[in-house]
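Shown here: work.csv, CSV, C-alpha atoms.
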```
chain,number,residue,atom,x,y,z
D,1,MET,CA,-9.5,1.1,-11.2
D,2,PRO,CA,-6.0,0.5,-9.8
D,3,ASP,CA,-4.2,-2.7,-10.7
D,4,LEU,CA,-4.5,-5.0,-7.7
D,5,ILE,CA,-3.6,-8.5,-6.7
D,6,GLU,CA,-4.6,-10.0,-3.4
D,7,ARG,CA,-3.6,-13.2,-1.6
D,8,GLU,CA,-4.7,-14.6,1.7
D,9,LEU,CA,-3.3,-17.6,3.6
D,10,SER,CA,-3.1,-19.2,7.0
D,11,LEU,CA,0.4,-19.6,8.4
D,12,PRO,CA,1.4,-22.2,11.0
D,13,ALA,CA,3.0,-19.7,13.5
D,14,SER,CA,2.0,-17.3,16.1
D,15,VAL,CA,1.1,-13.7,15.2
D,16,ALA,CA,4.3,-12.6,17.0
D,17,ASP,CA,6.5,-14.9,14.8
D,18,VAL,CA,4.7,-13.9,11.6
D,19,TRP,CA,5.1,-10.2,12.5
D,20,ARG,CA,8.9,-10.8,12.8
D,21,ALA,CA,8.8,-12.7,9.5
D,22,ILE,CA,7.2,-9.8,7.7
D,23,THR,CA,9.1,-6.9,9.4
D,24,ASP,CA,12.6,-8.2,10.4
D,25,PRO,CA,15.1,-7.8,7.5
D,26,HIS,CA,16.7,-11.2,8.3
D,27,TRP,CA,13.4,-13.0,8.1
D,28,LEU,CA,12.4,-11.0,5.0
D,29,ALA,CA,15.6,-12.0,3.4
D,30,GLY,CA,14.4,-15.6,3.7
D,31,TRP,CA,11.3,-15.2,1.6
D,32,LEU,CA,10.7,-11.7,0.2
D,33,ALA,CA,14.0,-10.9,-1.4
D,34,ASP,CA,17.7,-11.8,-1.1
D,35,GLU,CA,18.6,-8.7,0.9
D,36,VAL,CA,16.3,-6.4,2.6
D,37,GLN,CA,16.7,-3.1,4.4
D,38,LEU,CA,13.7,-1.7,6.1
D,39,GLU,CA,13.4,1.3,8.4
D,40,LEU,CA,10.4,0.3,10.4
D,41,ARG,CA,8.6,3.6,10.8
D,42,PRO,CA,6.2,5.6,8.7
D,43,GLY,CA,8.3,7.5,6.1
D,44,GLY,CA,11.2,5.1,6.7
D,45,GLU,CA,13.3,4.0,3.7
D,46,ALA,CA,13.3,0.5,2.3
D,47,SER,CA,15.3,-1.4,-0.2
D,48,PHE,CA,15.0,-4.9,-1.6
D,49,ARG,CA,17.5,-6.7,-3.7
D,50,LEU,CA,16.5,-9.8,-5.6
D,51,GLY,CA,19.4,-11.1,-7.8
D,52,ASP,CA,20.4,-8.1,-9.9
D,53,GLU,CA,17.1,-6.3,-9.3
D,54,VAL,CA,16.9,-3.6,-6.7
D,55,ARG,CA,13.7,-2.1,-5.6
D,56,THR,CA,13.6,1.0,-3.4
D,57,GLY,CA,10.7,2.5,-1.5
D,58,TRP,CA,9.5,3.7,1.8
D,59,VAL,CA,7.3,2.6,4.6
D,60,GLU,CA,3.8,4.1,4.8
D,61,GLU,CA,2.3,2.4,7.8
D,62,VAL,CA,3.4,0.2,10.7
D,63,SER,CA,1.2,-1.1,13.4
D,64,SER,CA,2.4,-4.1,15.4
D,65,PRO,CA,0.1,-6.8,16.7
D,66,ALA,CA,1.4,-6.1,20.2
D,67,GLU,CA,-0.1,-2.6,20.1
D,68,ASP,CA,-3.3,-3.5,18.2
D,69,ARG,CA,-5.1,-6.5,19.7
D,70,GLY,CA,-3.2,-9.1,17.8
D,71,THR,CA,-3.7,-7.4,14.4
D,72,GLY,CA,-0.6,-6.1,12.6
D,73,CYS,CA,-0.2,-4.1,9.5
D,74,LEU,CA,2.8,-3.1,7.4
D,75,ALA,CA,2.3,-1.0,4.3
D,76,PHE,CA,5.2,0.1,2.0
D,77,TRP,CA,5.8,1.3,-1.5
D,78,TRP,CA,8.4,-0.1,-3.8
D,79,ALA,CA,9.5,0.3,-7.3
D,80,ARG,CA,12.1,-0.8,-9.8
D,81,ASP,CA,14.1,1.9,-11.5
D,82,ASP,CA,12.0,3.8,-13.9
D,83,GLU,CA,8.8,1.8,-13.2
D,84,PRO,CA,5.7,3.0,-11.4
D,85,ALA,CA,5.7,2.3,-7.7
D,86,SER,CA,3.3,-0.1,-6.2
D,87,ARG,CA,1.9,-0.4,-2.7
D,88,VAL,CA,2.2,-3.5,-0.7
D,89,GLU,CA,0.0,-4.1,2.4
D,90,LEU,CA,0.6,-7.0,4.7
D,91,VAL,CA,-2.1,-7.5,7.4
D,92,ILE,CA,-1.9,-10.3,9.9
D,93,SER,CA,-4.3,-11.4,12.6
D,94,GLU,CA,-4.6,-14.2,15.1
D,95,THR,CA,-6.9,-17.1,14.3
D,96,ASP,CA,-8.6,-19.4,16.8
D,97,ASP,CA,-6.4,-22.4,16.1
D,98,ALA,CA,-3.2,-20.5,17.1
D,99,ARG,CA,-2.3,-19.9,13.5
D,100,THR,CA,-2.0,-16.6,11.8
D,101,TRP,CA,-4.0,-15.2,8.9
D,102,LEU,CA,-2.0,-13.2,6.4
D,103,ARG,CA,-3.5,-11.0,3.7
D,104,VAL,CA,-1.3,-9.4,1.1
D,105,VAL,CA,-2.5,-6.7,-1.3
D,106,GLU,CA,-0.3,-5.1,-3.9
D,107,THR,CA,-1.8,-2.2,-5.8
D,108,ARG,CA,-0.4,0.0,-8.6
D,109,PRO,CA,-2.2,3.3,-8.8
D,110,LEU,CA,-2.5,4.2,-12.5
D,111,GLU,CA,-2.0,7.9,-12.1
D,112,VAL,CA,1.1,8.0,-10.0
D,113,LEU,CA,4.1,9.2,-11.9
D,114,ASP,CA,6.5,9.4,-9.1
D,115,LEU,CA,6.3,8.8,-5.4
D,116,ILE,CA,7.6,10.6,-2.5
D,117,GLY,CA,6.5,10.2,1.1
D,118,VAL,CA,4.5,13.2,2.4
D,119,PRO,CA,2.6,13.5,5.7
D,120,LEU,CA,-1.1,13.4,5.3
D,121,GLY,CA,-3.2,15.7,7.4
D,122,GLY,CA,-6.0,14.6,9.7
D,123,TYR,CA,-6.4,13.1,13.2
D,124,GLY,CA,-4.7,10.2,14.7
D,125,PRO,CA,-1.2,8.8,14.1
D,126,THR,CA,0.8,10.5,11.4
D,127,ARG,CA,0.2,8.8,8.1
D,128,PHE,CA,2.2,9.2,4.9
D,129,GLY,CA,0.7,9.0,1.5
D,130,PRO,CA,1.9,9.2,-2.1
D,131,ALA,CA,2.2,12.5,-3.8
D,132,LEU,CA,1.7,13.2,-7.4
D,133,VAL,CA,4.9,14.6,-8.9
D,134,ALA,CA,4.6,15.7,-12.5
D,135,ALA,CA,7.2,14.2,-14.8
O,1,MET,CA,-10.6,-2.6,-22.8
O,2,THR,CA,-14.0,-2.1,-21.1
O,3,ASP,CA,-14.5,-2.7,-17.4
O,4,ASP,CA,-16.6,-5.9,-18.2
O,5,GLN,CA,-13.8,-7.3,-20.3
O,6,ALA,CA,-11.2,-6.4,-17.7
O,7,GLY,CA,-13.4,-8.0,-15.1
O,8,ALA,CA,-13.6,-11.2,-17.1
O,9,VAL,CA,-9.8,-11.2,-17.6
O,10,PHE,CA,-9.1,-10.6,-13.9
O,11,GLY,CA,-11.6,-13.3,-12.9
O,12,ALA,CA,-9.9,-15.8,-15.3
O,13,LEU,CA,-6.5,-14.9,-13.9
O,14,ALA,CA,-7.6,-15.1,-10.3
O,15,ASP,CA,-7.1,-18.8,-10.2
O,16,PRO,CA,-3.5,-20.1,-9.8
O,17,MET,CA,-4.2,-23.2,-12.0
O,18,ARG,CA,-5.5,-21.1,-14.8
O,19,ARG,CA,-2.4,-18.9,-14.6
O,20,ARG,CA,-0.3,-22.0,-14.8
O,21,LEU,CA,-2.2,-23.3,-17.8
O,22,LEU,CA,-1.9,-19.9,-19.5
O,23,THR,CA,1.8,-19.8,-18.8
O,24,ALA,CA,2.2,-23.3,-20.3
O,25,ILE,CA,0.1,-22.4,-23.3
O,26,SER,CA,2.1,-19.2,-23.9
O,27,ALA,CA,5.2,-21.4,-24.0
O,28,HIS,CA,3.7,-24.1,-26.2
O,29,PRO,CA,0.2,-24.0,-27.9
O,30,SER,CA,-1.4,-27.1,-26.5
O,31,THR,CA,-4.5,-29.3,-26.6
O,32,ALA,CA,-6.6,-30.0,-23.5
O,33,THR,CA,-5.4,-33.6,-23.7
O,34,GLU,CA,-1.8,-32.6,-23.6
O,35,LEU,CA,-2.4,-30.2,-20.7
O,36,ALA,CA,-4.2,-32.9,-18.7
O,37,THR,CA,-1.1,-35.1,-19.1
O,38,ALA,CA,1.2,-32.3,-17.9
O,39,PHE,CA,-0.9,-31.1,-15.0
O,40,PRO,CA,-2.3,-33.0,-12.0
O,41,ILE,CA,-5.9,-32.3,-12.9
O,42,SER,CA,-8.4,-34.2,-15.1
O,43,ARG,CA,-9.0,-33.4,-18.7
O,44,GLN,CA,-12.5,-32.2,-17.8
O,45,ALA,CA,-11.0,-29.7,-15.3
O,46,VAL,CA,-8.5,-28.5,-17.9
O,47,THR,CA,-11.3,-28.0,-20.4
O,48,LYS,CA,-13.3,-26.0,-17.8
O,49,HIS,CA,-10.3,-23.7,-17.1
O,50,LEU,CA,-9.6,-23.3,-20.8
O,51,ASN,CA,-13.2,-22.3,-21.4
O,52,SER,CA,-13.0,-19.6,-18.8
O,53,LEU,CA,-9.7,-18.3,-20.2
O,54,SER,CA,-11.2,-18.4,-23.7
O,55,ASP,CA,-14.3,-16.6,-22.5
O,56,ALA,CA,-12.1,-13.9,-21.1
O,57,GLY,CA,-10.5,-13.5,-24.6
O,58,LEU,CA,-7.1,-14.8,-23.4
O,59,LEU,CA,-7.0,-17.9,-25.6
O,60,ASP,CA,-7.8,-18.6,-29.2
O,61,ARG,CA,-8.9,-22.0,-30.4
O,62,GLU,CA,-7.6,-23.7,-33.6
O,63,LYS,CA,-8.8,-27.0,-35.0
O,64,ALA,CA,-6.1,-29.6,-34.9
O,65,GLY,CA,-7.4,-32.8,-36.4
O,66,ARG,CA,-10.0,-34.1,-34.0
O,67,ASP,CA,-8.7,-32.0,-31.2
O,68,VAL,CA,-8.6,-28.3,-30.5
O,69,ARG,CA,-5.3,-26.5,-29.9
O,70,TYR,CA,-5.2,-23.4,-27.7
O,71,HIS,CA,-3.0,-20.3,-28.3
O,72,VAL,CA,-2.5,-17.3,-26.1
O,73,THR,CA,-4.2,-14.2,-27.5
O,74,PRO,CA,-1.9,-11.3,-27.0
O,75,ALA,CA,-4.4,-8.5,-27.4
O,76,PRO,CA,-6.2,-8.5,-24.1
O,77,LEU,CA,-3.1,-8.8,-22.1
O,78,SER,CA,-2.8,-5.1,-21.5
O,79,SER,CA,-0.1,-3.8,-19.2
O,80,ALA,CA,-2.6,-4.1,-16.3
O,81,VAL,CA,-3.2,-7.8,-16.9
O,82,SER,CA,0.4,-8.7,-17.5
O,83,TRP,CA,1.3,-6.8,-14.3
O,84,MET,CA,-1.3,-8.8,-12.4
O,85,ALA,CA,-0.1,-12.1,-13.8
O,86,GLU,CA,3.5,-11.3,-13.0
O,87,VAL,CA,3.0,-9.8,-9.6
O,88,GLY,CA,0.5,-12.5,-8.6
O,89,GLY,CA,3.0,-15.2,-9.6
O,90,GLN,CA,5.7,-13.5,-7.6
O,91,TRP,CA,3.5,-13.4,-4.5
O,92,ASP,CA,2.6,-17.0,-4.9
O,93,SER,CA,6.3,-17.9,-4.8
O,94,ARG,CA,7.1,-15.6,-2.0
O,95,LEU,CA,4.2,-16.8,0.2
O,96,ALA,CA,5.1,-20.4,-0.5
O,97,ARG,CA,8.6,-19.6,0.8
O,98,LEU,CA,7.2,-17.8,3.8
O,99,ALA,CA,4.9,-20.7,4.7
O,100,GLY,CA,7.8,-23.1,4.3
O,101,THR,CA,10.1,-21.0,6.5
O,102,LEU,CA,7.5,-20.8,9.2
O,103,SER,CA,6.7,-24.5,9.0
O,104,GLU,CA,10.2,-25.7,9.8
O,105,PRO,CA,10.9,-26.7,13.4
O,106,GLY,CA,12.7,-23.8,15.2
O,107,ALA,CA,11.6,-21.6,12.4
O,108,GLY,CA,13.9,-18.6,12.0
O,109,PRO,CA,15.7,-16.5,9.4
O,110,PRO,CA,18.3,-18.4,7.4
O,111,ALA,CA,22.0,-18.2,8.3
O,112,GLN,CA,21.4,-16.0,11.3
O,113,LEU,CA,20.1,-17.2,14.6
O,114,ASP,CA,21.1,-14.7,17.3
O,115,GLY,CA,19.6,-11.5,16.0
O,116,SER,CA,23.0,-9.8,15.8
O,117,GLY,CA,24.2,-10.8,12.3
O,118,PRO,CA,25.2,-8.4,9.6
O,119,GLY,CA,21.6,-8.0,8.6
O,120,ALA,CA,20.8,-6.6,12.0
O,121,ALA,CA,23.5,-4.0,11.6
O,122,ARG,CA,22.1,-3.1,8.2
O,123,ALA,CA,18.6,-2.7,9.4
O,124,GLY,CA,17.7,0.9,9.7
O,125,GLN,CA,20.5,2.3,7.6
O,126,ARG,CA,19.7,4.2,4.5
O,127,GLY,CA,20.5,4.1,0.9
O,128,GLU,CA,23.5,1.9,0.9
O,129,MET,CA,22.3,-0.9,-1.3
O,130,PRO,CA,24.7,-1.5,-4.2
O,131,ARG,CA,23.2,-0.8,-7.6
```

Please express what this file holds, its structure, as structure tokens.
Amino acid sequence: MPDLIERELSLPASVADVWRAITDPHWLAGWLADEVQLELRPGGEASFRLGDEVRTGWVEEVSSPAEDRGTGCLAFWWARDDEPASRVELVISETDDARTWLRVVETRPLEVLDLIGVPLGGYGPTRFGPALVAA
Amino acid sequence: MTDDQAGAVFGALADPMRRRLLTAISAHPSTATELATAFPISRQAVTKHLNSLSDAGLLDREKAGRDVRYHVTPAPLSSAVSWMAEVGGQWDSRLARLAGTLSEPGAGPPAQLDGSGPGAARAGQRGEMPR
């Protein structure tokens, strides 16, 4: 059983604005961390500074609401130095009242010792997954 | 920890008020009456939350005169549980900031309004974050 936390909330903004808020480094710097770098493509690098703490990681999945019927998804991995990486998934969707529903799931797989981005096989868009790297 | 125990712990920690109560008790062992004074909920609601935290093995009871004082039990707080409490608390804060940012009229990123600030230049670059 992976460690998992989940939060859901309704936000008073359009899905396009919320998508910017969760993917644009300027907006992210307003709520997620003090400074954010995010290369918005699968396999792209990411870093997040909060005070003295720096987390680094990479982007696993990006699908913008413009391309996917008003549903957007950003998944990335992040880790503090020497700590196991965890996966953050942010999914947004339009609601009937012109607001946007946001679901956040952060999971920490128990067996992952180190993480690198590797392409996963299969059909459809290229996906990147974690790889087990023995310590 | 068995799955059942873990399930009880996760269930108890799923509620934000219970996490706040647990945090307060970890700082100062408290009675239900004291907690009802410090938190904007009734003593009855506090007692209900304390019971579910106790049932999950997160709190110990100690008789204090005519009242009961609650302490945090360190044992069940495995690394999984403390990770969930910490990470859950972090997301609560972040999402409150996000909701606040989006609620403001003319919502936008702070200190940058035209999309061409220094942050924009940084976006997409690699590995230059100062350590």

- Would you be able to write out as a ChimeraX atom specification which residues have an atom within 12 Å of (-9.7, -22.4, -30.5) in the file's coordinates, counting all atoms listed in the file? /O:29-32,47,50-51,53-55,57-64,67-73

Put those residues in a file: C-alpha atoms, as a CSV table (one decimal), keeping the file's coordinate frame.
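In the end it all went to again_23.csv:
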```csv
chain,number,residue,atom,x,y,z
O,29,PRO,CA,0.2,-24.0,-27.9
O,30,SER,CA,-1.4,-27.1,-26.5
O,31,THR,CA,-4.5,-29.3,-26.6
O,32,ALA,CA,-6.6,-30.0,-23.5
O,47,THR,CA,-11.3,-28.0,-20.4
O,50,LEU,CA,-9.6,-23.3,-20.8
O,51,ASN,CA,-13.2,-22.3,-21.4
O,53,LEU,CA,-9.7,-18.3,-20.2
O,54,SER,CA,-11.2,-18.4,-23.7
O,55,ASP,CA,-14.3,-16.6,-22.5
O,57,GLY,CA,-10.5,-13.5,-24.6
O,58,LEU,CA,-7.1,-14.8,-23.4
O,59,LEU,CA,-7.0,-17.9,-25.6
O,60,ASP,CA,-7.8,-18.6,-29.2
O,61,ARG,CA,-8.9,-22.0,-30.4
O,62,GLU,CA,-7.6,-23.7,-33.6
O,63,LYS,CA,-8.8,-27.0,-35.0
O,64,ALA,CA,-6.1,-29.6,-34.9
O,67,ASP,CA,-8.7,-32.0,-31.2
O,68,VAL,CA,-8.6,-28.3,-30.5
O,69,ARG,CA,-5.3,-26.5,-29.9
O,70,TYR,CA,-5.2,-23.4,-27.7
O,71,HIS,CA,-3.0,-20.3,-28.3
O,72,VAL,CA,-2.5,-17.3,-26.1
O,73,THR,CA,-4.2,-14.2,-27.5
```

Please report as CSV every residue of chain D lying within 8 Å of chain O, along with the nearest atom pair and their distance in Å (one decimal), using only C-alpha atoms.
```
residue,atom,partner,partner_atom,distance
D:Asp3,CA,O:Ala80,CA,6.0
D:Leu4,CA,O:Met84,CA,6.8
D:Ile5,CA,O:Gly88,CA,6.0
D:Glu6,CA,O:Gly88,CA,7.7
D:Arg7,CA,O:Trp91,CA,7.7
D:Leu11,CA,O:Ala99,CA,5.9
D:Pro12,CA,O:Ser103,CA,6.1
D:Ala13,CA,O:Leu102,CA,6.3
D:Val18,CA,O:Leu102,CA,7.8
D:Ala21,CA,O:Leu98,CA,7.8
D:Pro25,CA,O:Ala123,CA,6.5
D:His26,CA,O:Pro109,CA,5.5
D:Trp27,CA,O:Pro109,CA,4.4
D:Leu28,CA,O:Pro109,CA,7.8
D:Ala29,CA,O:Pro109,CA,7.5
D:Gly30,CA,O:Pro109,CA,5.9
D:Trp31,CA,O:Arg97,CA,5.2
D:Leu32,CA,O:Arg94,CA,5.7
D:Gln37,CA,O:Ala123,CA,5.4
D:Leu38,CA,O:Gly124,CA,6.0
D:Glu39,CA,O:Gly124,CA,4.5
D:Leu40,CA,O:Gly124,CA,7.4
D:Glu45,CA,O:Arg126,CA,6.5
D:Ala46,CA,O:Arg126,CA,7.7
D:Ser47,CA,O:Met129,CA,7.1
D:Arg49,CA,O:Met129,CA,7.9
D:Val54,CA,O:Arg131,CA,7.0
```

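Atom pair CA of Ala27 in chain O / CA of Asp81 in chain D has a distance of 27.9 Å (rounded to one decimal).
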
- Message: With distances taken over all atoms listed in the file, which residue among D:Thr56, D:Ser14, D:Thr95, D:Thr100 lies nearest Gly44 in chain D?
- Response: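 Closest to Gly44 in chain D of all the choices is D:Thr56.
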
- Query: Which distance in Å separates CA of Trp78 in chain D and CA of Arg99 in chain D, to one decimal?
  - Reply: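 Separating CA of Trp78 in chain D from CA of Arg99 in chain D is a distance of 28.4 Å.
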
- Task: Mind giving me the straight-line distance from CA of Ala24 in chain O to CA of Ser42 in chain O in Å, one decimal?
- Result: 16.1 Å

- Which is closer to Ala45 in chain O than all the others in O:Gly65, O:Ala8, O:Ile25, O:Thr33, using only C-alpha atoms? O:Thr33
